[in-house]
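Enquirer: Provided herewith: target11.txt, compact mmCIF, C-alpha atoms and all ligand atoms.
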# COMPACT_ATOMS: atom_id res chain seq x y z
CA MET Q 1135 -10.48 29.49 104.40
CA PRO Q 1136 -10.03 26.41 106.56
CA GLU Q 1137 -10.21 26.97 110.32
CA LEU Q 1138 -10.41 24.57 113.25
CA PRO Q 1139 -13.59 22.72 112.13
CA GLU Q 1140 -12.42 22.19 108.54
CA VAL Q 1141 -9.00 21.00 109.72
CA GLU Q 1142 -10.65 18.71 112.29
CA LEU Q 1143 -12.83 17.15 109.57
CA THR Q 1144 -9.71 16.77 107.42
CA ALA Q 1145 -7.93 15.00 110.29
CA ARG Q 1146 -10.88 12.63 110.74
CA ASN Q 1147 -10.98 11.89 107.00
CA LEU Q 1148 -7.22 11.32 106.79
CA SER Q 1149 -7.39 9.06 109.82
CA SER Q 1150 -10.17 6.95 108.29
CA TRP Q 1151 -8.26 6.69 105.01
CA LEU Q 1152 -4.73 6.13 106.32
CA ALA Q 1153 -4.56 5.08 109.97
CA GLY Q 1154 -3.16 1.59 110.43
CA ARG Q 1155 -2.15 1.38 106.77
CA LYS Q 1156 1.28 1.20 105.21
CA ILE Q 1157 2.39 3.82 102.69
CA VAL Q 1158 3.52 2.04 99.51
CA ALA Q 1159 4.20 5.10 97.33
CA ALA Q 1160 4.44 8.85 97.68
CA ALA Q 1161 4.99 11.78 95.33
CA VAL Q 1162 5.87 15.25 96.58
CA PRO Q 1163 7.01 17.43 93.66
CA ARG Q 1164 9.08 20.50 94.40
CA SER Q 1165 6.87 23.48 95.37
CA ARG Q 1166 6.83 26.26 97.90
CA ILE Q 1167 4.51 24.37 100.25
CA VAL Q 1168 7.38 21.98 101.05
CA ARG Q 1169 9.45 23.28 103.96
CA GLY Q 1170 12.44 22.08 105.93
CA ALA Q 1171 13.48 19.41 103.42
CA SER Q 1172 13.10 18.46 99.76
CA GLY Q 1173 10.04 16.71 98.38
CA ALA Q 1174 12.28 13.71 97.69
CA ALA Q 1175 13.25 13.57 101.38
CA ILE Q 1176 9.55 13.56 102.34
CA GLU Q 1177 8.92 10.72 99.87
CA ARG Q 1178 11.78 8.69 101.41
CA MET Q 1179 10.44 9.38 104.91
CA LEU Q 1180 6.90 8.23 104.01
CA VAL Q 1181 7.37 5.14 101.88
CA GLY Q 1182 7.43 1.87 103.83
CA ARG Q 1183 6.09 3.41 107.03
CA ARG Q 1184 2.74 2.79 108.63
CA VAL Q 1185 0.44 5.70 109.55
CA ASN Q 1186 -0.17 5.33 113.28
CA GLY Q 1187 -2.69 8.16 113.49
CA VAL Q 1188 -3.56 11.71 112.52
CA GLU Q 1189 -3.50 14.48 115.09
CA ARG Q 1190 -4.77 18.06 114.86
CA ARG Q 1191 -3.81 21.08 116.90
CA GLY Q 1192 -5.24 24.50 115.92
CA LYS Q 1193 -5.09 24.64 112.12
CA TRP Q 1194 -2.16 22.16 111.95
CA LEU Q 1195 -2.23 18.45 111.18
CA ALA Q 1196 0.32 15.79 112.10
CA LEU Q 1197 0.51 12.39 110.41
CA ARG Q 1198 2.16 10.18 113.02
CA LEU Q 1199 4.26 7.49 111.34
CA SER Q 1200 5.79 4.25 112.52
CA GLY Q 1201 9.31 4.67 113.86
CA GLY Q 1202 8.56 8.06 115.45
CA ALA Q 1203 8.59 10.22 112.31
CA ALA Q 1204 5.78 12.65 111.47
CA LEU Q 1205 4.58 14.76 108.59
CA TYR Q 1206 3.15 18.11 109.67
CA ALA Q 1207 0.70 19.83 107.34
CA HIS Q 1208 -1.16 23.14 107.18
CA LEU Q 1209 -3.95 23.80 104.68
CA GLY Q 1210 -3.14 27.50 104.25
CA MET Q 1211 -5.99 29.24 102.42
CA THR Q 1212 -7.05 26.73 99.77
CA GLY Q 1213 -5.49 23.37 100.69
CA LYS Q 1214 -7.54 20.14 100.69
CA TRP Q 1215 -6.82 16.46 101.23
CA VAL Q 1216 -9.01 14.20 99.12
CA THR Q 1217 -9.02 10.51 98.19
CA ARG Q 1218 -9.04 9.00 94.72
CA PRO Q 1219 -8.50 5.57 93.16
CA ARG Q 1220 -4.81 4.77 92.74
CA ALA Q 1221 -5.22 4.51 88.96
CA GLU Q 1222 -6.47 8.08 88.65
CA GLY Q 1223 -3.91 10.58 87.32
CA PRO Q 1224 -2.84 13.83 88.97
CA LEU Q 1225 -5.61 16.27 89.92
CA PRO Q 1226 -5.50 19.98 89.09
CA HIS Q 1227 -3.27 21.77 91.63
CA GLU Q 1228 -2.13 18.47 93.14
CA ARG Q 1229 0.95 19.10 95.35
CA ALA Q 1230 1.40 15.74 97.05
CA ARG Q 1231 0.21 12.17 96.85
CA ILE Q 1232 0.30 9.35 99.40
CA ASP Q 1233 -0.70 5.83 98.32
CA THR Q 1234 -1.62 2.80 100.38
CA ARG Q 1235 -2.21 -0.62 98.80
CA ASP Q 1236 -5.83 0.21 97.91
CA ARG Q 1237 -6.17 3.98 98.08
CA SER Q 1238 -4.54 7.20 96.94
CA VAL Q 1239 -4.72 10.35 99.05
CA ARG Q 1240 -3.99 13.64 97.30
CA TYR Q 1241 -3.20 17.13 98.55
CA ARG Q 1242 -4.55 19.90 96.32
CA ASP Q 1243 -3.70 23.56 96.87
CA PRO Q 1244 -4.33 26.14 94.10
CA ARG Q 1245 -2.88 29.13 95.95
CA MET Q 1246 -0.12 27.24 97.75
CA PHE Q 1247 -0.24 28.91 101.14
CA GLY Q 1248 -0.31 25.42 102.67
CA ARG Q 1249 2.70 23.72 104.24
CA LEU Q 1250 4.22 20.25 104.39
CA VAL Q 1251 6.93 19.93 107.03
CA PRO Q 1252 8.66 16.58 107.54
CA ALA Q 1253 9.86 15.63 111.00
CA PRO Q 1254 11.95 12.44 110.62
CA GLU Q 1255 12.80 12.46 114.34
CA GLY Q 1256 9.25 13.47 115.32
CA VAL Q 1257 10.34 16.95 116.50
CA ALA Q 1258 7.41 19.34 116.01
CA PRO Q 1259 7.95 22.52 113.97
CA ALA Q 1260 8.08 25.78 115.91
CA GLU Q 1261 4.61 26.79 114.65
CA TRP Q 1262 3.05 23.69 116.20
CA ALA Q 1263 4.92 24.12 119.48
CA ALA Q 1264 3.79 27.78 119.73
CA LEU Q 1265 0.05 27.05 119.50
CA GLY Q 1266 -2.21 28.17 122.34
CA ILE Q 1267 -5.28 26.45 123.80
CA ASP Q 1268 -7.18 24.32 121.30
CA PRO Q 1269 -10.90 24.73 122.13
CA LEU Q 1270 -11.85 21.25 120.90
CA ARG Q 1271 -8.84 19.22 122.13
CA ASP Q 1272 -8.19 21.02 125.40
CA GLY Q 1273 -11.69 22.19 126.28
CA LEU Q 1274 -12.47 25.85 126.87
CA ASP Q 1275 -14.50 27.51 129.60
CA GLY Q 1276 -14.70 31.13 130.73
CA GLU Q 1277 -11.84 30.75 133.18
CA ARG Q 1278 -9.40 29.19 130.73
CA LEU Q 1279 -10.38 31.72 128.06
CA GLY Q 1280 -9.91 34.55 130.54
CA ALA Q 1281 -6.48 33.27 131.57
CA ALA Q 1282 -5.46 33.24 127.89
CA ILE Q 1283 -6.83 36.58 126.67
CA ALA Q 1284 -8.26 38.75 129.47
CA GLN Q 1285 -5.23 41.01 129.95
CA ARG Q 1286 -5.15 42.10 126.30
CA SER Q 1287 -6.13 45.64 125.40
CA ARG Q 1288 -6.77 45.03 121.68
CA ALA Q 1289 -10.29 44.44 120.34
CA VAL Q 1290 -11.58 40.99 121.27
CA LYS Q 1291 -12.13 39.99 117.61
CA GLU Q 1292 -8.45 40.63 116.84
CA VAL Q 1293 -7.22 38.84 119.97
CA LEU Q 1294 -9.26 35.73 119.11
CA LEU Q 1295 -7.26 35.40 115.86
CA ASP Q 1296 -3.93 35.10 117.72
CA GLN Q 1297 -3.01 31.40 117.29
CA ALA Q 1298 -0.57 31.55 120.22
CA LEU Q 1299 -3.51 32.33 122.56
CA ILE Q 1300 -6.46 30.36 121.16
CA ALA Q 1301 -5.47 27.89 118.42
CA GLY Q 1302 -7.73 27.24 115.45
CA VAL Q 1303 -10.15 30.16 115.69
CA GLY Q 1304 -9.92 32.24 112.51
CA ASN Q 1305 -11.83 35.09 110.92
CA ILE Q 1306 -15.04 33.10 110.48
CA GLN Q 1307 -15.23 31.34 113.86
CA ALA Q 1308 -14.33 34.57 115.72
CA GLN Q 1309 -17.26 36.46 114.15
CA GLU Q 1310 -19.68 33.61 114.70
CA ALA Q 1311 -18.62 33.09 118.33
CA LEU Q 1312 -18.91 36.82 119.16
CA PHE Q 1313 -22.37 36.92 117.61
CA ARG Q 1314 -23.48 33.87 119.58
CA ALA Q 1315 -22.07 35.45 122.76
CA ARG Q 1316 -23.69 38.85 121.96
CA ILE Q 1317 -20.36 40.68 122.35
CA ASP Q 1318 -19.36 43.66 120.21
CA PRO Q 1319 -16.23 42.65 118.23
CA ARG Q 1320 -14.65 46.07 118.95
CA ARG Q 1321 -14.71 45.66 122.74
CA PRO Q 1322 -11.27 45.91 124.37
CA THR Q 1323 -10.62 42.35 125.52
CA ARG Q 1324 -9.78 43.35 129.08
CA SER Q 1325 -13.21 45.00 129.45
CA LEU Q 1326 -14.99 41.62 129.22
CA THR Q 1327 -16.63 40.42 132.44
CA ALA Q 1328 -16.34 36.86 133.76
CA ARG Q 1329 -19.90 36.27 132.56
CA GLU Q 1330 -19.07 37.52 129.06
CA LEU Q 1331 -15.93 35.36 128.93
CA ALA Q 1332 -18.06 32.33 129.83
CA GLN Q 1333 -20.58 33.29 127.11
CA LEU Q 1334 -17.75 33.68 124.61
CA ALA Q 1335 -16.25 30.28 125.51
CA ARG Q 1336 -19.69 28.73 124.96
CA GLY Q 1337 -20.06 30.69 121.71
CA ILE Q 1338 -16.74 29.34 120.39
CA ALA Q 1339 -17.69 25.75 121.30
CA ALA Q 1340 -21.17 26.10 119.79
CA SER Q 1341 -19.88 27.60 116.55
CA ILE Q 1342 -17.26 24.87 116.15
CA ALA Q 1343 -19.83 22.13 116.89
CA HIS Q 1344 -22.29 23.63 114.39
CA THR Q 1345 -19.64 23.87 111.66
CA LEU Q 1346 -18.46 20.29 112.25
CA ALA Q 1347 -22.04 19.04 111.97
CA VAL Q 1348 -22.92 20.84 108.73
CA GLU Q 1349 -19.61 20.41 106.87
CA SER Q 1350 -18.93 16.76 107.61
CA GLY Q 1351 -18.13 14.71 104.48
CA PRO Q 1352 -15.28 13.32 102.40
CA GLU Q 1353 -14.76 16.56 100.43
CA ILE Q 1354 -15.09 19.73 102.46
CA SER Q 1355 -15.98 22.90 100.58
CA TYR Q 1356 -14.78 26.27 101.83
CA VAL Q 1357 -17.34 29.08 102.03
CA GLU Q 1358 -15.28 31.43 99.79
CA GLU Q 1359 -15.36 28.96 96.88
CA PRO Q 1360 -17.67 29.84 93.98
CA GLY Q 1361 -21.08 28.23 94.49
CA ALA Q 1362 -20.25 26.93 97.99
CA PRO Q 1363 -23.04 27.20 100.57
CA ASN Q 1364 -22.68 29.62 103.49
CA PRO Q 1365 -23.56 27.59 106.62
CA PHE Q 1366 -22.76 30.48 108.99
CA LEU Q 1367 -25.11 32.72 110.99
CA ILE Q 1368 -23.59 36.10 110.11
CA TYR Q 1369 -20.27 35.53 108.30
CA ALA Q 1370 -20.30 37.49 104.97
CA ARG Q 1371 -23.96 38.38 105.53
CA GLN Q 1372 -23.57 42.16 105.79
CA GLY Q 1373 -26.73 43.96 104.60
CA GLN Q 1374 -28.90 40.97 105.49
CA PRO Q 1375 -31.22 40.90 108.53
CA CYS Q 1376 -29.82 39.58 111.82
CA PRO Q 1377 -31.08 35.99 112.29
CA ARG Q 1378 -32.01 36.89 115.88
CA CYS Q 1379 -33.48 40.43 115.80
CA ARG Q 1380 -33.79 41.31 112.06
CA THR Q 1381 -31.61 44.46 112.39
CA VAL Q 1382 -29.43 44.92 109.29
CA LEU Q 1383 -26.00 43.32 109.85
CA GLN Q 1384 -23.03 45.71 109.56
CA ARG Q 1385 -19.53 45.17 108.18
CA ILE Q 1386 -16.41 46.80 109.59
CA VAL Q 1387 -12.70 46.20 109.04
CA GLN Q 1388 -10.45 45.33 111.99
CA ALA Q 1389 -6.70 44.86 111.53
CA GLY Q 1390 -7.29 44.46 107.81
CA ARG Q 1391 -9.92 41.71 108.21
CA ALA Q 1392 -13.66 42.08 107.67
CA THR Q 1393 -16.00 41.67 110.63
CA VAL Q 1394 -19.78 41.35 110.36
CA TYR Q 1395 -21.85 41.97 113.47
CA CYS Q 1396 -25.32 42.95 114.63
CA PRO Q 1397 -25.35 46.50 116.07
CA ARG Q 1398 -28.37 45.63 118.21
CA CYS Q 1399 -27.52 42.16 119.59
CA GLN Q 1400 -23.82 42.95 120.05
CA ARG Q 1401 -23.91 46.24 121.95
CA ARG Q 1402 -20.77 48.06 123.03
ZN ZN P 1 -29.44 41.14 116.09
Please render this file's structure as structure tokens.
Expert:
Amino acid sequence: MPELPEVELTARNLSSWLAGRKIVAAAVPRSRIVRGASGAAIERMLVGRRVNGVERRGKWLALRLSGGAALYAHLGMTGKWVTRPRAEGPLPHERARIDTRDRSVRYRDPRMFGRLVPAPEGVAPAEWAALGIDPLRDGLDGERLGAAIAQRSRAVKEVLLDQALIAGVGNIQAQEALFRARIDPRRPTRSLTARELAQLARGIAASIAHTLAVESGPEISYVEEPGAPNPFLIYARQGQPCPRCRTVLQRIVQAGRATVYCPRCQRR
């Protein structure tokens, strides 16, 4: 599932494909990913405008258009933006298409948990406005992390998934960051010391940087896809030896989501 690094790479790709270019054609068939307007209204908003830039906040994207309009997009669980020659026909699970003079950009989404939200006046959707600190855009250190989460009583793994507190960290990045910081995912958040919060902030930054480095490319694969590589230290590696101490990694379920951790490195 796409999290901050995958959405960041998508934003960079979209920017390199579209920024500074004029949209000459668009196709947004009716589907449940389209919100707030019809697909036809999105097509009318896009065609003839120039893409000024692509912004990311948390797991959301914003295509900034000439004239102040914007198209907000979320990848959901299986969404991907890819580029193809203009002459190529529709791809499997294609939900939207944006063409410039020499390129066609397609949005594919088999499970359709993604979103396309037009903002003709540039007004951001409520989900974008409600996002918390973005570790990559805003920077994150122990103090800022503490200010955002330290009063919470829930387990730190669950708190890290709250997009209104820390935007972009999902189930994968939370597990990886806690492992890097050597913090037990079940710890009540308010029990973390200033030193642990600083370690966790560094763990989040390091995990995001690692993921960006290994997944960079024009077509990003998600780890849950059949045959996709697993570039992560502990994610989905229950039963395997800890990469640090060789203890067998354990799997637990927290708030309905799986968590893998090392019972030796991440002590309570
Ligand atoms: Zn270990």
Enquirer: For each of Q:Val1239, Q:Ile1317, Q:Ile1354, Q:Leu1225, take the minimum atom-to-atom distance to ligand ZN 1 (chain P), counting all atoms listed in the file, then give the residue where this is smallest.
Expert: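 Looking at the shortest contact to ligand ZN 1 (chain P), the residue is Q:Ile1317.
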Enquirer: Any residue with an atom at most 6 Å from ligand ZN 1 (chain P) counts, using only C-alpha atoms and all ligand atoms. Which are they? Put them as number ranges by chain.
Expert: Q: 1376, 1378-1381, 1396, 1398-1399
Enquirer: Which is closer to Trp1151 of chain Q than all the others in Q:Ile1232, Q:Val1293, Q:Met1179, Q:Leu1205, using all atoms listed in the file?
Expert: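 Smallest distance to Trp1151 of chain Q is found for Q:Ile1232.
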Enquirer: Considering all atoms listed in the file, can you say which of Q:Val1303, Q:Leu1274, Q:Ala1370, Q:Ala1362 comes closest to Ala1332 of chain Q?
Expert: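 Nearest candidate to Ala1332 of chain Q out of Q:Val1303, Q:Leu1274, Q:Ala1370, Q:Ala1362: Q:Leu1274.
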Enquirer: Give me, as a Markdown table, the closest atom pair and its distance (Å, one decimal) for every residue of segment 1232-1347 of chain Q within a cut-off of 6 Å of segment 1136-1144 of chain Q, counting all atoms listed in the file, rows sorted by chain and rising number.
Expert:
| residue | atom | partner | partner_atom | distance |
| --- | --- | --- | --- | --- |
| Q:Gly1302 | CA | Q:Leu1138 | CA | 4.4 |
| Q:Gly1304 | CA | Q:Glu1137 | CA | 5.7 |
| Q:Ile1342 | CA | Q:Pro1139 | CA | 5.9 |
| Q:Leu1346 | CA | Q:Pro1139 | CA | 5.4 |
Enquirer: Please, could you write that set of residues out with C-alpha atoms as a JSON list (two decimals), in the frame of the given file?
Expert:
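Result went into out_4.json, see below:
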[["chain", "number", "residue", "atom", "x", "y", "z"],
["Q", 1302, "GLY", "CA", -7.73, 27.24, 115.45],
["Q", 1304, "GLY", "CA", -9.92, 32.24, 112.51],
["Q", 1342, "ILE", "CA", -17.26, 24.87, 116.15],
["Q", 1346, "LEU", "CA", -18.46, 20.29, 112.25]]
Enquirer: Between atom CA of Pro1219 of chain Q and atom CA of Arg1164 of chain Q, what is the spacing in Å?
Expert: 23.1 Å
Enquirer: List every protein, DNA or RNA residue with an atom no more than 7 Å from (1.5, 3.5, 98.5) in the file's coordinates, counting all atoms listed in the file, and format the result as a list in words.
Expert: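 Checking each residue against the 7 Å limit leaves Ile1157, Val1158, Ala1159, Ala1160, Val1181, Ile1232, Asp1233, Thr1234 and Arg1235 of chain Q.
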Enquirer: Could you tell me which of Q:Arg1316, Q:Gly1182, Q:Pro1244, Q:Gly1187 comes closest to Arg1329 of chain Q if we count all atoms listed in the file?
Expert: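 Using all atoms listed in the file, the shortest distance to Arg1329 of chain Q belongs to Q:Arg1316.
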Enquirer: Find, counting only C-alpha atoms, the residue in Q:Val1216, Q:Ala1207, Q:Leu1279, Q:Ala1289 that gets nearest to Leu1152 of chain Q.
Expert: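 Going through Q:Val1216, Q:Ala1207, Q:Leu1279, Q:Ala1289 one by one, the smallest distance to Leu1152 of chain Q is for Q:Val1216.
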Enquirer: Please return, as an MDAnalysis selection string, all polymer residues that have at least one atom within 9 Å of the point (-16.2, 34.4, 120.4); use all atoms listed in the file and the file's own coordinate frame.
Expert: chainID Q and resid 1290:1291 1294 1303 1307:1317 1319 1331 1333:1339 1341
Enquirer: For atom CA of Trp1194 of chain Q and atom CA of Asp1275 of chain Q, determine how far apart the two atoms are, in Å to one decimal place.
Expert: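 Rounded to one decimal, the two atoms are 22.2 Å apart.
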Enquirer: Have a look at atom CA of Pro1352 of chain Q and atom CA of Asn1147 of chain Q and let me know their distance in Å, one decimal.
Expert: 6.5 Å
Enquirer: Under the rule that all atoms listed in the file are counted, which of Q:Ile1176, Q:Val1168, Q:Ala1301, Q:Ala1203 is the nearest residue to Arg1190 of chain Q?
Expert: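 Of the candidates, the smallest distance to Arg1190 of chain Q is held by Q:Ala1301.
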Enquirer: Neighbouring residues of Arg1391 of chain Q were defined as those with any atom within 10 Å, considering all atoms listed in the file; residues of the same chain fewer than 5 positions away were excluded. Please report them as a VMD selection string.
Expert: chain Q and resid 1291 to 1292 1305 1386
Enquirer: Quick one: everything within 7 Å of Gly1210 of chain Q, counting all atoms listed in the file, minus sequence neighbours fewer than 6 positions away in the same chain. Send it as an MDAnalysis selection string.
Expert: chainID Q and resid 1247:1249
